[in-house]
Amino acid sequence: MTETELLNLISLGEDSILELKDLIFKNNKITGPHRDSIADEMSAMANSYGGTIILGVNDKTHEITGIETSNINTAENWIKDIANDLISPPLDCKITKHCLILNTDNNKNILRIDVPNSSTKCNK
């Protein structure tokens, strides 16, 4: 997916196969959104057609808030833990890191999580 395609997807906003989530960090730890909320979204997507979650974007304004470079690995591990620990059977999501070049002074990191359609019903 190109940067232009990703920005267009974000601009369209949420629907049944796209979730936008802003991550809130405190002391290098994710405090929002709640893990159970993300697990619910991932399970629902897996039980239907699959979908995409983009972390680092405000779901109401579609503003790209980004994820600090120092927090990218924390966010990636957080998603992997949710997919493996809170969902049964565990989901094998594809996680892609993007650095969006919004202008010459303002680059933003986001994570795109592609949630696959599951052949087995997923439970949270």
# chains A, B, ... in the order shown; residues from 1 in each chain; ligands from 1
>>> residues_around(residues="Leu23 of chain A", least_positions_apart="3", cutoff="9 Å", atoms="only C-alpha atoms", output="list in words")
Ile30, Thr31, Gly32, Pro33, Leu55, Gly56, Val57, Asn58, Thr65, Gly66, Ile67 and Ala75 of chain A
>>> residues_around(residues="segment 7-13 of chain A", least_positions_apart="3", cutoff="7 Å", atoms="only C-alpha atoms", output="list in words")
Glu3, Thr4 and His62 of chain A
>>> select_by_dssp(residues="segment 47-124 of chain A", states="strand (DSSP E or B)", output="list of chain:residue names")
A:Gly51, A:Thr52, A:Ile53, A:Ile54, A:Leu55, A:Val57, A:Ile64, A:Ser88, A:Lys94, A:Ile95, A:Thr96, A:Lys97, A:His98, A:Cys99, A:Leu100, A:Ile101, A:Leu102, A:Asn103, A:Asn106, A:Asn107, A:Lys108, A:Asn109, A:Ile110, A:Leu111, A:Arg112, A:Ile113, A:Asp114, A:Val115, A:Asn123
>>> write_last_selection(atoms="N, CA and C atoms", output="PDB file, in the first residue's frame")
ATOM      1  N   GLY A  51      -9.953  -7.202   8.346  1.00  0.00           N
ATOM      2  CA  GLY A  51      -9.970  -5.743   8.351  1.00  0.00           C
ATOM      3  C   GLY A  51      -8.613  -5.168   8.703  1.00  0.00           C
ATOM      4  N   THR A  52      -8.615  -3.873   8.926  1.00  0.00           N
ATOM      5  CA  THR A  52      -7.379  -3.146   9.197  1.00  0.00           C
ATOM      6  C   THR A  52      -7.583  -2.216  10.388  1.00  0.00           C
ATOM      7  N   ILE A  53      -6.596  -2.217  11.271  1.00  0.00           N
ATOM      8  CA  ILE A  53      -6.546  -1.262  12.377  1.00  0.00           C
ATOM      9  C   ILE A  53      -5.309  -0.411  12.156  1.00  0.00           C
ATOM     10  N   ILE A  54      -5.490   0.893  12.210  1.00  0.00           N
ATOM     11  CA  ILE A  54      -4.353   1.800  12.067  1.00  0.00           C
ATOM     12  C   ILE A  54      -4.160   2.518  13.396  1.00  0.00           C
ATOM     13  N   LEU A  55      -2.985   2.302  13.990  1.00  0.00           N
ATOM     14  CA  LEU A  55      -2.647   2.923  15.259  1.00  0.00           C
ATOM     15  C   LEU A  55      -1.852   4.196  15.010  1.00  0.00           C
ATOM     16  N   VAL A  57      -3.763   7.273  14.835  1.00  0.00           N
ATOM     17  CA  VAL A  57      -4.704   8.151  14.134  1.00  0.00           C
ATOM     18  C   VAL A  57      -5.924   8.359  15.024  1.00  0.00           C
ATOM     19  N   ILE A  64      -3.614  12.436  12.007  1.00  0.00           N
ATOM     20  CA  ILE A  64      -2.521  11.496  12.231  1.00  0.00           C
ATOM     21  C   ILE A  64      -1.691  12.035  13.385  1.00  0.00           C
ATOM     22  N   SER A  88      -8.784 -16.223  21.108  1.00  0.00           N
ATOM     23  CA  SER A  88      -8.651 -17.662  20.924  1.00  0.00           C
ATOM     24  C   SER A  88      -9.475 -18.113  19.726  1.00  0.00           C
ATOM     25  N   LYS A  94      -0.745  -9.289  10.293  1.00  0.00           N
ATOM     26  CA  LYS A  94       0.412  -8.681   9.646  1.00  0.00           C
ATOM     27  C   LYS A  94       0.509  -7.246  10.152  1.00  0.00           C
ATOM     28  N   ILE A  95       1.677  -6.892  10.687  1.00  0.00           N
ATOM     29  CA  ILE A  95       1.897  -5.551  11.227  1.00  0.00           C
ATOM     30  C   ILE A  95       2.922  -4.850  10.350  1.00  0.00           C
ATOM     31  N   THR A  96       2.544  -3.667   9.848  1.00  0.00           N
ATOM     32  CA  THR A  96       3.420  -2.905   8.966  1.00  0.00           C
ATOM     33  C   THR A  96       3.667  -1.532   9.575  1.00  0.00           C
ATOM     34  N   LYS A  97       4.940  -1.170   9.658  1.00  0.00           N
ATOM     35  CA  LYS A  97       5.307   0.159  10.158  1.00  0.00           C
ATOM     36  C   LYS A  97       5.364   1.114   8.972  1.00  0.00           C
ATOM     37  N   HIS A  98       4.802   2.307   9.153  1.00  0.00           N
ATOM     38  CA  HIS A  98       4.848   3.350   8.131  1.00  0.00           C
ATOM     39  C   HIS A  98       5.348   4.636   8.762  1.00  0.00           C
ATOM     40  N   CYS A  99       6.169   5.346   8.043  1.00  0.00           N
ATOM     41  CA  CYS A  99       6.539   6.704   8.433  1.00  0.00           C
ATOM     42  C   CYS A  99       5.971   7.613   7.355  1.00  0.00           C
ATOM     43  N   LEU A 100       4.897   8.318   7.684  1.00  0.00           N
ATOM     44  CA  LEU A 100       4.234   9.185   6.721  1.00  0.00           C
ATOM     45  C   LEU A 100       4.916  10.533   6.690  1.00  0.00           C
ATOM     46  N   ILE A 101       5.247  10.969   5.515  1.00  0.00           N
ATOM     47  CA  ILE A 101       5.886  12.266   5.335  1.00  0.00           C
ATOM     48  C   ILE A 101       4.777  13.269   5.032  1.00  0.00           C
ATOM     49  N   LEU A 102       4.330  13.963   6.074  1.00  0.00           N
ATOM     50  CA  LEU A 102       3.200  14.871   5.922  1.00  0.00           C
ATOM     51  C   LEU A 102       3.634  16.229   5.399  1.00  0.00           C
ATOM     52  N   ASN A 103       4.800  16.669   5.789  1.00  0.00           N
ATOM     53  CA  ASN A 103       5.441  17.851   5.218  1.00  0.00           C
ATOM     54  C   ASN A 103       6.905  17.804   5.635  1.00  0.00           C
ATOM     55  N   ASN A 106       7.339  17.544   9.502  1.00  0.00           N
ATOM     56  CA  ASN A 106       6.439  16.781  10.346  1.00  0.00           C
ATOM     57  C   ASN A 106       6.211  15.370   9.813  1.00  0.00           C
ATOM     58  N   ASN A 107       7.056  14.419  10.175  1.00  0.00           N
ATOM     59  CA  ASN A 107       6.867  13.023   9.808  1.00  0.00           C
ATOM     60  C   ASN A 107       6.200  12.294  10.968  1.00  0.00           C
ATOM     61  N   LYS A 108       5.309  11.360  10.663  1.00  0.00           N
ATOM     62  CA  LYS A 108       4.564  10.647  11.700  1.00  0.00           C
ATOM     63  C   LYS A 108       4.660   9.145  11.478  1.00  0.00           C
ATOM     64  N   ASN A 109       4.962   8.408  12.539  1.00  0.00           N
ATOM     65  CA  ASN A 109       4.960   6.953  12.500  1.00  0.00           C
ATOM     66  C   ASN A 109       3.575   6.428  12.840  1.00  0.00           C
ATOM     67  N   ILE A 110       3.129   5.433  12.091  1.00  0.00           N
ATOM     68  CA  ILE A 110       1.892   4.736  12.402  1.00  0.00           C
ATOM     69  C   ILE A 110       2.133   3.241  12.216  1.00  0.00           C
ATOM     70  N   LEU A 111       1.255   2.444  12.787  1.00  0.00           N
ATOM     71  CA  LEU A 111       1.276   0.998  12.571  1.00  0.00           C
ATOM     72  C   LEU A 111      -0.023   0.587  11.902  1.00  0.00           C
ATOM     73  N   ARG A 112       0.094  -0.222  10.846  1.00  0.00           N
ATOM     74  CA  ARG A 112      -1.076  -0.793  10.176  1.00  0.00           C
ATOM     75  C   ARG A 112      -1.137  -2.271  10.522  1.00  0.00           C
ATOM     76  N   ILE A 113      -2.258  -2.687  11.106  1.00  0.00           N
ATOM     77  CA  ILE A 113      -2.454  -4.075  11.480  1.00  0.00           C
ATOM     78  C   ILE A 113      -3.519  -4.656  10.562  1.00  0.00           C
ATOM     79  N   ASP A 114      -3.119  -5.633   9.757  1.00  0.00           N
ATOM     80  CA  ASP A 114      -4.061  -6.316   8.880  1.00  0.00           C
ATOM     81  C   ASP A 114      -4.531  -7.570   9.601  1.00  0.00           C
ATOM     82  N   VAL A 115      -5.819  -7.576   9.946  1.00  0.00           N
ATOM     83  CA  VAL A 115      -6.426  -8.690  10.676  1.00  0.00           C
ATOM     84  C   VAL A 115      -7.027  -9.638   9.645  1.00  0.00           C
ATOM     85  N   ASN A 123     -12.780 -15.979  19.697  1.00  0.00           N
ATOM     86  CA  ASN A 123     -13.414 -15.514  20.926  1.00  0.00           C
ATOM     87  C   ASN A 123     -12.432 -14.677  21.711  1.00  0.00           C
TER      88      ASN A 123
END
>>> closest_residue(among="A:Ala83, A:Ala44, A:Ile72, A:Cys93", to="Ser16 of chain A", atoms="only C-alpha atoms")
A:Ala44
>>> residues_around(residues="Leu86 of chain A", least_positions_apart="2", cutoff="10 Å", atoms="only C-alpha atoms", output="PyMOL selection string")
chain A and resi 35-36+38-40+43+80-84+88-91+123-124
>>> residues_around(residues="Ala46 of chain A", least_positions_apart="5", cutoff="6 Å", atoms="only C-alpha atoms", output="PyMOL selection string")
chain A and resi 116-118
>>> write_last_selection(atoms="C-alpha atoms", output="PDB file, in the first residue's frame")
ATOM      1  CA  PRO A 116      -7.115 -11.837   8.650  1.00  0.00           C
ATOM      2  CA  ASN A 117     -10.481 -13.475   8.214  1.00  0.00           C
ATOM      3  CA  SER A 118     -10.459 -16.517  10.494  1.00  0.00           C
TER       4      SER A 118
END
>>> select_by_dssp(residues="chain A", states="helix (DSSP H, G or I)", output="ChimeraX atom specification")
/A:3-12,35-47,69-86
>>> atom_distance(atom1="atom CA of Lys29 of chain A", atom2="atom CA of Thr74 of chain A")
7.5 Å
>>> atom_distance(atom1="atom CA of Asp59 of chain A", atom2="atom CA of Thr120 of chain A")
28.9 Å
>>> closest_residue(among="A:Asn27, A:Leu18, A:Thr2, A:Glu63", to="Glu41 of chain A", atoms="only C-alpha atoms")
A:Leu18
